[in-house]
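query_27.txt, holding compact mmCIF, C-alpha atoms and all ligand atoms:
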# COMPACT_ATOMS: atom_id res chain seq x y z
CA MET A 1 0.00 0.00 0.00
CA THR A 2 1.13 3.55 -0.69
CA GLU A 3 1.15 6.29 1.94
CA LEU A 4 -0.98 9.29 0.94
CA PHE A 5 -0.28 12.91 1.83
CA THR A 6 -2.40 15.84 0.72
CA THR A 7 -0.83 18.66 2.73
CA ILE A 8 2.63 20.21 2.46
CA ASP A 9 3.15 20.25 6.24
CA ALA A 10 2.35 16.57 6.73
CA LEU A 11 4.55 15.53 3.81
CA ARG A 12 7.47 17.62 5.06
CA ALA A 13 7.13 16.08 8.54
CA ARG A 14 7.11 12.57 7.03
CA LEU A 15 10.26 13.29 5.01
CA GLU A 16 12.31 14.63 7.93
CA ASP A 17 14.39 11.46 8.42
CA ALA A 18 13.67 9.80 5.10
CA GLY A 19 17.29 9.29 3.98
CA ARG A 20 17.98 9.65 0.29
CA VAL A 21 14.79 10.80 -1.47
CA ALA A 22 13.91 10.36 -5.15
CA PHE A 23 10.95 12.27 -6.55
CA VAL A 24 8.75 11.54 -9.56
CA PRO A 25 6.37 14.38 -10.49
CA THR A 26 3.27 13.29 -12.46
CA MET A 27 -0.23 14.41 -13.33
CA GLY A 28 -1.65 10.94 -12.56
CA ALA A 29 -3.55 8.63 -14.92
CA LEU A 30 -0.51 6.46 -14.35
CA HIS A 31 0.71 4.01 -16.99
CA ASP A 32 3.81 1.87 -17.48
CA GLY A 33 5.83 4.92 -18.60
CA HIS A 34 5.28 6.53 -15.20
CA LEU A 35 5.97 3.22 -13.45
CA ALA A 36 9.33 2.93 -15.24
CA LEU A 37 10.30 6.25 -13.65
CA VAL A 38 9.15 5.02 -10.24
CA HIS A 39 11.22 1.83 -10.55
CA ARG A 40 14.31 3.88 -11.43
CA ALA A 41 13.61 6.06 -8.40
CA ILE A 42 13.33 3.00 -6.13
CA GLN A 43 16.77 1.84 -7.27
CA VAL A 44 18.55 5.06 -6.31
CA ALA A 45 16.85 6.14 -3.08
CA ASP A 46 15.64 5.07 0.36
CA THR A 47 12.36 6.93 -0.03
CA VAL A 48 10.35 7.55 -3.20
CA VAL A 49 7.78 10.32 -3.50
CA VAL A 50 5.36 10.42 -6.45
CA SER A 51 3.31 13.57 -6.83
CA ILE A 52 -0.05 13.40 -8.56
CA PHE A 53 -1.21 16.88 -9.39
CA VAL A 54 -2.97 18.23 -12.46
CA ASN A 55 -1.40 21.67 -12.52
CA PRO A 56 -3.85 24.32 -13.72
CA LEU A 57 -0.97 26.76 -14.36
CA GLN A 58 0.34 24.74 -17.31
CA PHE A 59 -2.97 24.40 -19.16
CA GLY A 60 -4.16 27.10 -21.54
CA GLU A 61 -7.68 28.16 -22.30
CA GLY A 62 -9.51 25.54 -24.36
CA GLU A 63 -7.05 22.81 -23.31
CA ASP A 64 -8.00 19.62 -21.47
CA PHE A 65 -7.56 20.71 -17.81
CA GLY A 66 -11.23 19.96 -17.04
CA ARG A 67 -11.36 16.57 -18.70
CA TYR A 68 -7.84 15.39 -17.81
CA PRO A 69 -8.31 11.90 -16.28
CA ARG A 70 -8.23 11.91 -12.46
CA ASP A 71 -8.51 8.66 -10.47
CA LEU A 72 -6.38 8.74 -7.34
CA ASP A 73 -7.49 5.31 -6.09
CA ALA A 74 -6.60 3.64 -9.40
CA ASP A 75 -3.24 5.44 -9.45
CA ARG A 76 -2.41 4.37 -5.88
CA ALA A 77 -3.36 0.78 -6.73
CA VAL A 78 -0.74 0.48 -9.50
CA LEU A 79 2.12 2.05 -7.52
CA PRO A 80 4.55 -0.26 -5.71
CA SER A 81 3.90 -0.45 -1.99
CA GLY A 82 6.06 1.77 0.17
CA VAL A 83 5.89 4.67 -2.27
CA ILE A 84 4.77 7.98 -0.78
CA VAL A 85 2.05 9.70 -2.80
CA PHE A 86 1.67 13.47 -2.61
CA ALA A 87 -1.69 14.44 -4.08
CA PRO A 88 -2.56 17.99 -2.99
CA GLU A 89 -5.72 19.87 -3.90
CA VAL A 90 -5.19 22.89 -6.16
CA THR A 91 -5.86 25.17 -3.15
CA GLU A 92 -3.00 23.54 -1.20
CA LEU A 93 -0.45 24.59 -3.83
CA TYR A 94 -2.19 27.80 -4.91
CA PRO A 95 -4.00 29.07 -1.79
CA ASP A 96 -4.45 32.54 -3.30
CA GLY A 97 -5.73 31.28 -6.64
CA ASP A 98 -3.24 32.44 -9.22
CA VAL A 99 0.40 32.97 -8.27
CA GLN A 100 1.98 36.42 -8.18
CA VAL A 101 5.49 35.19 -8.97
CA ARG A 102 6.18 32.55 -11.58
CA LEU A 103 9.19 31.25 -13.47
CA SER A 104 9.87 32.15 -17.07
CA ALA A 105 11.06 29.39 -19.39
CA GLY A 106 12.75 31.99 -21.62
CA ALA A 107 13.07 31.89 -25.41
CA ILE A 108 12.99 28.09 -25.76
CA GLY A 109 9.78 28.12 -23.75
CA ASP A 110 8.11 29.91 -26.66
CA THR A 111 9.10 27.38 -29.34
CA PHE A 112 7.55 24.05 -30.43
CA GLU A 113 5.23 23.02 -27.55
CA GLY A 114 5.42 26.54 -26.15
CA LYS A 115 4.44 28.13 -29.45
CA THR A 116 1.19 26.17 -29.56
CA ARG A 117 0.71 26.25 -25.79
CA PRO A 118 1.67 29.79 -24.65
CA GLY A 119 2.60 29.90 -20.96
CA HIS A 120 2.69 26.09 -20.69
CA PHE A 121 6.36 25.85 -19.79
CA ASP A 122 6.26 28.82 -17.38
CA GLY A 123 3.45 27.01 -15.54
CA MET A 124 5.26 23.67 -15.67
CA LEU A 125 8.54 25.07 -14.31
CA THR A 126 6.69 26.99 -11.61
CA VAL A 127 4.98 23.88 -10.26
CA VAL A 128 8.15 21.79 -10.59
CA VAL A 129 10.19 24.27 -8.54
CA LYS A 130 7.39 24.44 -5.94
CA LEU A 131 7.30 20.65 -5.70
CA LEU A 132 11.11 20.46 -5.49
CA ASN A 133 11.02 22.98 -2.63
CA ILE A 134 8.36 20.93 -0.85
CA VAL A 135 9.92 17.48 -1.33
CA THR A 136 13.62 18.57 -1.37
CA PRO A 137 14.69 15.33 -3.08
CA HIS A 138 18.25 14.27 -3.89
CA VAL A 139 17.13 13.09 -7.33
CA VAL A 140 14.17 14.00 -9.52
CA VAL A 141 13.18 11.59 -12.30
CA PHE A 142 11.65 12.71 -15.60
CA GLY A 143 10.73 10.89 -18.82
CA GLN A 144 12.45 11.56 -22.14
CA LYS A 145 8.94 11.37 -23.67
CA ASP A 146 8.65 15.11 -22.92
CA ALA A 147 11.96 16.20 -24.45
CA GLN A 148 11.42 19.96 -24.30
CA GLN A 149 10.27 19.67 -20.68
CA VAL A 150 13.44 17.74 -19.81
CA PHE A 151 15.57 20.35 -21.57
CA LEU A 152 13.92 23.20 -19.67
CA VAL A 153 13.98 21.47 -16.27
CA ARG A 154 17.70 20.77 -16.74
CA ARG A 155 18.24 24.44 -17.59
CA MET A 156 16.21 25.54 -14.58
CA ILE A 157 18.27 23.32 -12.26
CA GLN A 158 21.46 24.73 -13.78
CA ASP A 159 20.40 28.38 -14.04
CA LEU A 160 18.92 28.52 -10.54
CA ASN A 161 21.57 26.27 -8.90
CA LEU A 162 18.91 23.95 -7.53
CA PRO A 163 20.48 21.30 -5.25
CA VAL A 164 18.99 18.28 -7.04
CA ALA A 165 20.22 15.74 -9.59
CA ILE A 166 18.04 14.91 -12.60
CA ASP A 167 17.64 11.40 -13.97
CA VAL A 168 15.94 10.92 -17.34
CA ALA A 169 14.29 7.62 -18.28
CA PRO A 170 13.75 6.41 -21.86
CA THR A 171 10.29 6.53 -23.42
CA VAL A 172 8.12 3.46 -22.83
CA ARG A 173 6.14 2.40 -25.93
CA GLU A 174 3.37 0.00 -26.88
CA PRO A 175 4.63 -2.96 -28.96
CA ASP A 176 3.50 -1.16 -32.15
CA GLY A 177 5.55 1.95 -31.32
CA LEU A 178 2.94 4.28 -29.84
CA ALA A 179 4.49 6.15 -26.91
CA LEU A 180 2.49 5.62 -23.73
CA SER A 181 0.63 8.76 -22.68
CA SER A 182 -2.20 9.53 -20.28
CA ARG A 183 -3.87 11.25 -23.25
CA ASN A 184 -3.95 8.01 -25.29
CA ARG A 185 -7.12 7.11 -23.41
CA TYR A 186 -8.92 9.92 -25.28
CA LEU A 187 -8.25 8.14 -28.61
CA SER A 188 -10.91 6.13 -30.45
CA GLU A 189 -9.71 2.93 -32.18
CA PRO A 190 -9.27 4.61 -35.61
CA GLU A 191 -7.57 7.59 -33.95
CA ARG A 192 -5.17 5.27 -32.15
CA SER A 193 -4.19 3.82 -35.49
CA THR A 194 -3.70 7.35 -36.93
CA ALA A 195 -1.56 8.21 -33.89
CA LEU A 196 1.01 5.63 -35.02
CA ALA A 197 2.07 8.23 -37.62
CA LEU A 198 4.13 9.98 -34.94
CA SER A 199 6.37 7.02 -34.06
CA ALA A 200 6.41 6.01 -37.75
CA ALA A 201 7.77 9.46 -38.64
CA LEU A 202 10.49 9.14 -36.00
CA SER A 203 11.47 5.67 -37.27
CA ALA A 204 11.54 6.94 -40.86
CA ALA A 205 13.81 9.82 -39.78
CA THR A 206 16.11 7.41 -37.93
CA ASP A 207 16.32 5.04 -40.92
CA ALA A 208 17.00 7.86 -43.42
CA SER A 209 19.25 9.86 -41.19
CA ALA A 210 22.22 10.71 -43.42
CA THR A 211 21.48 14.43 -43.31
CA ARG A 212 18.93 16.73 -41.77
CA GLU A 213 17.21 17.05 -45.15
CA SER A 214 16.87 13.31 -45.79
CA ALA A 215 15.58 12.71 -42.26
CA VAL A 216 12.98 15.50 -42.56
CA THR A 217 11.86 14.33 -46.00
CA ALA A 218 11.39 10.74 -44.82
CA ALA A 219 9.50 11.82 -41.69
CA LYS A 220 7.20 14.15 -43.62
CA ALA A 221 6.37 11.35 -46.07
CA ALA A 222 5.41 9.08 -43.14
CA LEU A 223 3.22 11.82 -41.66
CA ALA A 224 1.59 12.55 -45.04
CA ALA A 225 0.53 8.88 -45.21
CA GLU A 226 -1.89 9.65 -42.33
CA PRO A 227 -3.64 12.81 -43.57
CA THR A 228 -6.03 12.89 -40.61
CA ALA A 229 -3.10 13.48 -38.26
CA ASP A 230 -2.97 17.29 -38.05
CA VAL A 231 0.78 17.85 -37.77
CA ASP A 232 1.89 20.79 -35.63
CA TYR A 233 5.64 20.35 -36.13
CA PHE A 234 8.36 17.92 -37.03
CA ASP A 235 11.94 19.07 -36.56
CA LEU A 236 15.42 17.99 -35.58
CA VAL A 237 16.93 19.87 -32.67
CA ASP A 238 20.33 19.96 -31.02
CA PRO A 239 19.87 18.34 -27.59
CA ALA A 240 22.33 20.87 -26.12
CA THR A 241 20.32 23.94 -27.19
CA PHE A 242 16.89 22.71 -28.34
CA LEU A 243 17.42 24.82 -31.47
CA PRO A 244 16.85 23.32 -34.95
CA VAL A 245 20.07 21.77 -36.23
CA PRO A 246 21.69 23.31 -39.34
CA ASP A 247 21.79 21.39 -42.65
CA ASP A 248 25.41 20.31 -42.12
CA PHE A 249 24.91 19.16 -38.52
CA ALA A 250 26.80 15.99 -37.57
CA GLY A 251 26.15 14.06 -34.38
CA GLU A 252 23.11 13.14 -32.32
CA ALA A 253 20.02 15.27 -32.90
CA THR A 254 16.60 14.84 -31.33
CA ALA A 255 13.73 14.37 -33.78
CA ILE A 256 10.59 15.92 -32.26
CA VAL A 257 7.03 15.68 -33.50
CA ALA A 258 3.61 16.92 -32.41
CA ALA A 259 0.24 16.32 -34.02
CA ARG A 260 -3.42 16.60 -33.20
CA VAL A 261 -5.40 13.41 -33.73
CA GLY A 262 -9.09 14.19 -33.40
CA THR A 263 -9.18 16.47 -30.36
CA THR A 264 -6.07 14.93 -28.78
CA ARG A 265 -2.65 16.54 -29.01
CA LEU A 266 0.20 14.03 -28.98
CA ILE A 267 3.98 14.47 -28.87
CA ASP A 268 6.90 12.12 -29.34
CA ASN A 269 10.67 12.24 -29.96
CA ALA A 270 13.66 10.02 -30.71
CA PRO A 271 17.43 10.38 -31.12
CA VAL A 272 18.69 10.55 -34.72
CA ILE A 273 22.37 10.35 -35.70
CA LEU A 274 23.23 12.78 -38.52
CA GLY A 275 26.32 13.21 -40.64
P1 LIG B 1 2.76 13.43 -16.97
O1 LIG B 1 1.93 12.70 -15.96
O2 LIG B 1 2.27 13.27 -18.37
O3 LIG B 1 3.01 14.86 -16.58
O4 LIG B 1 4.17 12.71 -16.96
C1 LIG B 1 4.90 12.56 -15.77
C2 LIG B 1 6.28 12.06 -16.11
O5 LIG B 1 6.17 10.80 -16.77
C3 LIG B 1 7.05 12.99 -17.05
O6 LIG B 1 8.41 13.04 -16.62
C4 LIG B 1 6.91 12.31 -18.37
O7 LIG B 1 7.95 12.59 -19.27
C5 LIG B 1 6.93 10.85 -17.96
N1 LIG B 1 6.33 10.00 -19.00
C6 LIG B 1 5.12 10.17 -19.59
N2 LIG B 1 4.94 9.24 -20.56
C7 LIG B 1 6.07 8.47 -20.57
C8 LIG B 1 6.50 7.36 -21.36
N3 LIG B 1 5.74 6.83 -22.31
N4 LIG B 1 7.72 6.84 -21.08
C9 LIG B 1 8.51 7.37 -20.11
N5 LIG B 1 8.16 8.42 -19.34
C10 LIG B 1 6.96 8.96 -19.57
Can you give me the file's structure in the form of structure tokens?
Ligand code: AMP
Amino acid sequence: MTELFTTIDALRARLEDAGRVAFVPTMGALHDGHLALVHRAIQVADTVVVSIFVNPLQFGEGEDFGRYPRDLDADRAVLPSGVIVFAPEVTELYPDGDVQVRLSAGAIGDTFEGKTRPGHFDGMLTVVVKLLNIVTPHVVVFGQKDAQQVFLVRRMIQDLNLPVAIDVAPTVREPDGLALSSRNRYLSEPERSTALALSAALSAATDASATRESAVTAAKAALAAEPTADVDYFDLVDPATFLPVPDDFAGEATAIVAARVGTTRLIDNAPVILG
């Protein structure tokens, strides 16, 4: 059984003599991708804290904050016993409603995901730094599935000298390639099949990856084969800067893709060796 905490004070008291703490922030609707992070956390720490909090600050108007799946009992049931769950109400983290002070994700926060979802990364970083200040873990574990999030959290830790190590776990996929996501449960059967275009585009880019141009061409052809996938972006970025790589780039790039399938926005990414 997991231990449940809903208040900051009670969680802090519980963590006073908790030894080495690893922390896994989530929005719940837990799947095997989240559980992979939890198992990594268990390996490196005496105490593992999983937060389950659907953060209103990182959702824009018209996004799925209201319908985001919430089932705390089901989430607790799939977590390994001994894990500490922190599941605060919105009023516990934001007692005054909106926050006065929030973090800025900077220029990269306005690109790709941030271009389509203005303010998303400011809201994400703000809740992550709040949670880090509450849990004060030695290690925080994130999934590579959200590549731009990982990039920005790393930068936040570096830029603000936060005393925490970051561990990044590889993306967990269905056998057919679809990256696990809490939002996959919104997909109808035909939409799920359309959603395979994202991982197919990443595989095509990997297979064709002599140059940036050949990788992009192959990925775009794979995406065009599923015309009902409404592609937001496909690009190849430098993992060190999250900026698009130049045509003559050699080395490991990250291929990133986002598309809307029906009303569901999906993202995925994979490493691609160029040059
Ligand atoms: P979320 O609940 O969507 O905010 O995700 C919480 C954490 O789980 C983030 O660090 C995600 O990157 C990670 N995550 C989500 N899906 C996957 C996946 N398929 N594989 C690995 N990690 C994942």
Given 10 Å and only C-alpha atoms and all ligand atoms, residues near ligand LIG 1 (chain B) as a PyMOL selection string: chain A and resi 24-38+50-55+124+140-150+167-174+178-183+267-268
Find the residues near Tyr233 in chain A: any atom within 8 Å, counting only C-alpha atoms, skip ones fewer than 6 places away on the same chain, and give them as a list in words.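 These residues fall inside the cut-off: Phe112, Ile256, Val257, Ala258 and Ala259 of chain A.
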Would you pick out the contacts of Ala197 in chain A at 8 Å or less, using all atoms listed in the file, so that residues sharing its chain but fewer than 2 positions from it are not included, and give the list as a PyMOL selection string? chain A and resi 193-195+199-201+222-223+225-226+229
Do you know which residues are at most 8 Å from Phe5 in chain A counting all atoms listed in the file, after dropping those on the same chain fewer than 6 positions away, and could you put them as a PyMOL selection string? chain A and resi 11+84-88
Based on the selection just made, write C-alpha atoms of those residues as a PDB file, keeping the file's coordinate frame.
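What ended up in again15.pdb:
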ATOM      1  CA  LEU A  11       4.550  15.530   3.810  1.00  0.00           C
ATOM      2  CA  ILE A  84       4.770   7.980  -0.780  1.00  0.00           C
ATOM      3  CA  VAL A  85       2.050   9.700  -2.800  1.00  0.00           C
ATOM      4  CA  PHE A  86       1.670  13.470  -2.610  1.00  0.00           C
ATOM      5  CA  ALA A  87      -1.690  14.440  -4.080  1.00  0.00           C
ATOM      6  CA  PRO A  88      -2.560  17.990  -2.990  1.00  0.00           C
TER       7      PRO A  88
END
Within 8 Å of Ile273 in chain A, counting only C-alpha atoms, which residues qualify if same-chain residues fewer than 6 places away don't, as a list of chain:residue names?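 After dropping sequence-adjacent residues, the list is A:Thr206, A:Ser209, A:Ala210, A:Ala250, A:Gly251, A:Glu252, A:Ala253.
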Using all atoms listed in the file, the best pick from A:Leu162, A:Ile108, A:Val44, A:Ala219 as closest to Asn133 in chain A would be A:Leu162
Give me, please, the distance in Å between CA of Thr136 in chain A and CA of Val164 in chain A, quoted to one decimal.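 Going from CA of Thr136 in chain A over to CA of Val164 in chain A covers 7.8 Å.
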Would you save range 223-236 of chain A to a file, keeping N, CA and C atoms, as an mmCIF file, in the first residue's frame?
data_model
loop_
_atom_site.group_PDB
_atom_site.id
_atom_site.type_symbol
_atom_site.label_atom_id
_atom_site.label_comp_id
_atom_site.auth_asym_id
_atom_site.auth_seq_id
_atom_site.Cartn_x
_atom_site.Cartn_y
_atom_site.Cartn_z
ATOM 1 N N LEU A 223 4.345 11.065 -42.236
ATOM 2 C CA LEU A 223 3.216 11.819 -41.664
ATOM 3 C C LEU A 223 2.130 12.047 -42.720
ATOM 4 N N ALA A 224 2.563 12.300 -43.965
ATOM 5 C CA ALA A 224 1.588 12.552 -45.043
ATOM 6 C C ALA A 224 0.748 11.315 -45.327
ATOM 7 N N ALA A 225 1.279 10.125 -44.985
ATOM 8 C CA ALA A 225 0.528 8.882 -45.210
ATOM 9 C C ALA A 225 -0.685 8.784 -44.279
ATOM 10 N N GLU A 226 -0.728 9.611 -43.247
ATOM 11 C CA GLU A 226 -1.889 9.647 -42.333
ATOM 12 C C GLU A 226 -2.472 11.058 -42.356
ATOM 13 N N PRO A 227 -3.218 11.406 -43.417
ATOM 14 C CA PRO A 227 -3.638 12.805 -43.567
ATOM 15 C C PRO A 227 -4.559 13.300 -42.454
ATOM 16 N N THR A 228 -5.172 12.401 -41.696
ATOM 17 C CA THR A 228 -6.034 12.892 -40.612
ATOM 18 C C THR A 228 -5.239 13.275 -39.366
ATOM 19 N N ALA A 229 -3.940 12.961 -39.347
ATOM 20 C CA ALA A 229 -3.095 13.479 -38.265
ATOM 21 C C ALA A 229 -2.740 14.922 -38.621
ATOM 22 N N ASP A 230 -3.177 15.854 -37.791
ATOM 23 C CA ASP A 230 -2.974 17.289 -38.055
ATOM 24 C C ASP A 230 -1.623 17.683 -37.435
ATOM 25 N N VAL A 231 -0.591 17.692 -38.283
ATOM 26 C CA VAL A 231 0.777 17.853 -37.770
ATOM 27 C C VAL A 231 1.025 19.301 -37.341
ATOM 28 N N ASP A 232 1.532 19.463 -36.133
ATOM 29 C CA ASP A 232 1.888 20.791 -35.628
ATOM 30 C C ASP A 232 3.336 21.092 -36.024
ATOM 31 N N TYR A 233 4.249 20.174 -35.697
ATOM 32 C CA TYR A 233 5.639 20.354 -36.129
ATOM 33 C C TYR A 233 6.337 19.015 -36.212
ATOM 34 N N PHE A 234 7.326 18.957 -37.071
ATOM 35 C CA PHE A 234 8.360 17.915 -37.027
ATOM 36 C C PHE A 234 9.667 18.660 -37.198
ATOM 37 N N ASP A 235 10.651 18.390 -36.370
ATOM 38 C CA ASP A 235 11.943 19.066 -36.560
ATOM 39 C C ASP A 235 13.041 18.227 -35.916
ATOM 40 N N LEU A 236 14.255 18.624 -36.192
ATOM 41 C CA LEU A 236 15.423 17.990 -35.582
ATOM 42 C C LEU A 236 16.141 19.068 -34.801
#
